[in-house]
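Q: Sharing a structure below in structure tokens format, with a few things to ask.
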Number of protein chains: 4
Amino acid sequence: MSFDFSVRVYWEDTDAGGIVFYANYLKFFERARTEWLRSLGIGQQALRDSTGGMFVVSETQLKYLAPARLDDVLRVSTVLLETGRASLTLAQSVVKIAPDDAVKMRQESLLCQGTIRIGWVDASSMKPSRIPSTVLEALT
Amino acid sequence: MSFDFSVRVYWEDTDAGGIVFYANYLKFFERARTEWLRSLGIGQQALRDSTGGMFVVSETQLKYLAPARLDDVLRVSTVLLETGRASLTLAQSVVKIAPDDAVKMRQESLLCQGTIRIGWVDASSMKPSRIPSTVLEALT
Amino acid sequence: MSFDFSVRVYWEDTDAGGIVFYANYLKFFERARTEWLRSLGIGQQALRDSTGGMFVVSETQLKYLAPARLDDVLRVSTVLLETGRASLTLAQSVVKIAPDDAVKMRQESLLCQGTIRIGWVDASSMKPSRIPSTVLEALT
Amino acid sequence: MSFDFSVRVYWEDTDAGGIVFYANYLKFFERARTEWLRSLGIGQQALRDSTGGMFVVSETQLKYLAPARLDDVLRVSTVLLETGRASLTLAQSVVKIAPDDAVKMRQESLLCQGTIRIGWVDASSMKPSRIPSTVLEALT
């Protein structure tokens, strides 16, 4: 099951190479994970207020296959790969869906794919901790 | 006539003060101006390809009245104040519309307001230039 | 009395226009203010830990006069204009000092100038508060 | 042989978790690679002007081990692992060196480590291309 989320490329996302600055794909992935969690009824600020914990990113692996440019519309897909007691692993990818109509096949327009591992920590000590059961239940 | 555009606050927008980093309101304003132009049929990348020119920001004045936080939904309003031969002046503001339901009145939830001046330049020389007539017509 | 601080332009600072993204001058100004405070013996994290308060930006006025590009070295100058009980007003400017050796006169290489107002707030309530006396003494 | 470069953590680098936003380590790595290239006599803007090519990041693998906070001073170390005809692979890491004096041993203060692959492309077509021989000679 994949969760899809769209982002538009704005000036802030680009660099002097005329393309999206590669670090910004992590922002696109982050937004998509946040909306994926929200779609499951999980608000991160509310969760932190109620549990004192938060998700932090512990590992990222990204491959950049083709560039995105200003005004492009991108689809970020998120799939939950693995659920542990204190961490989650997700596969995420970015595909260009507009405005270049000539690009029809998904294979050709895949821009970036990655694996992201996030861990649950106590927000004040930053120590790893067990993911709240309400969150785990919402995920499964 | 005001053009309204919504943005969600993500982790990338916040800083260690627990609030949206003030420089990022310029990004929210930028996104809103881009969508406002798009709503008028003006795509900035297409325009640059066809005319060799682009808009650049020449002046910004912002007042920060109240903070936004993670997960907030903000409405960015854009009003065209003045149209010159080589520049435009816009009033922009950010209002919090969610998730804090207690905030009902627009007056109380105004977070940031500003005036932005953008000029048209030749993209290679960066010299000021007359705004293309197709753009001016779309604006009026 | 002006406090000078240098920044180098990296890829992260630029946009698809081939120049420094205008919102990033606020980051350069912020770094310079932080180092100016540090030069006066004021560490913002330490100050927050000891007083529970922090500076927040309440107003910014910037004019963008000429663009900076990748690899440029910029000098950010900071001058304290006004000291109030709960706020400070500073004049800040960015001048290009390298690598374009042809630009010799300061007048010609002024890229950006601005006025920044910062207020002191209680970090948890975000309410305006009096600047700690140790900070005021360090400033004068 | 390792190239070391220092960065200070400013407000812009942090997020509402009170720590450096993980995507920003890619910025720190980028700055360090740029200064590493510069130390070898390679200026990226000059190189692009003279060859029409540029480096782009094609792959990143990062592990986040411990958080950095406002005012921390970080040392970014860069080691060239592999040199190909069209790409380079580098190991990069971030260690906290200040202001937390209690942290003495390098092992304990390692915050982030990663492997970055960069490829050489033609700047207009974005197609992979052979790294200019002057660059390869400077690297070896």
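By order of appearance in the structure tokens: chains A, B, ..., then residues from 1 within every chain, and ligands from 1 in the order shown.
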Quick check: residues of chain C within 6 Å of chain A, only C-alpha atoms, returned as a PyMOL selection string.

A: chain C and resi 14-16+18

Q: Using DSSP secondary structure from the backbone, list all helix (DSSP H, G or I) positions within segment 7-140 of chain C, as a ChimeraX atom specification.

A: /C:11-13,24-39,44-51,106-109,133-139

Q: Counting only C-alpha atoms, what is within 12 Å of Arg48 of chain A, bar same-chain residues fewer than 3 positions away, as a PyMOL selection string?

A: (chain A and resi 42-45+51-56+120-124+131-132+135) or (chain B and resi 70-71) or (chain D and resi 16-17)

Q: Identify which of the residues B:Ser125, B:Tyr64, B:Glu35, B:Ile118 lies closest to Val95 of chain B, counting only C-alpha atoms when measuring atom-to-atom distances.

A: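 Of the candidates, the smallest distance to Val95 of chain B is held by B:Tyr64.
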
Q: Would you kindly return, as a tab-separated table (two decimals) with C-alpha atoms, in the first residue's frame, each protein, DNA or RNA residue with an atom no farther than 9 Å from any atom of Ala91 of chain D, considering only C-alpha atoms and excluding same-chain residues fewer than 2 positions away?

A:
```
chain	number	residue	atom	x	y	z
D	77	SER	CA	35.75	15.54	7.51
D	78	THR	CA	35.96	14.55	3.87
D	79	VAL	CA	37.91	11.62	2.42
D	80	LEU	CA	38.03	10.68	-1.27
D	81	LEU	CA	37.23	6.96	-1.43
D	89	THR	CA	32.80	8.65	-4.06
D	93	SER	CA	31.44	12.71	8.75
D	113	GLN	CA	28.53	9.82	8.83
D	114	GLY	CA	27.85	9.30	5.20
D	115	THR	CA	28.91	8.26	1.76
D	116	ILE	CA	28.31	10.64	-1.10
D	117	ARG	CA	28.63	9.90	-4.79
```

Q: So which bits of chain C end up strand (DSSP E) when you DSSP the backbone, as number ranges by chain?

A: C: 3-8, 53-64, 73-83, 87-98, 110-122
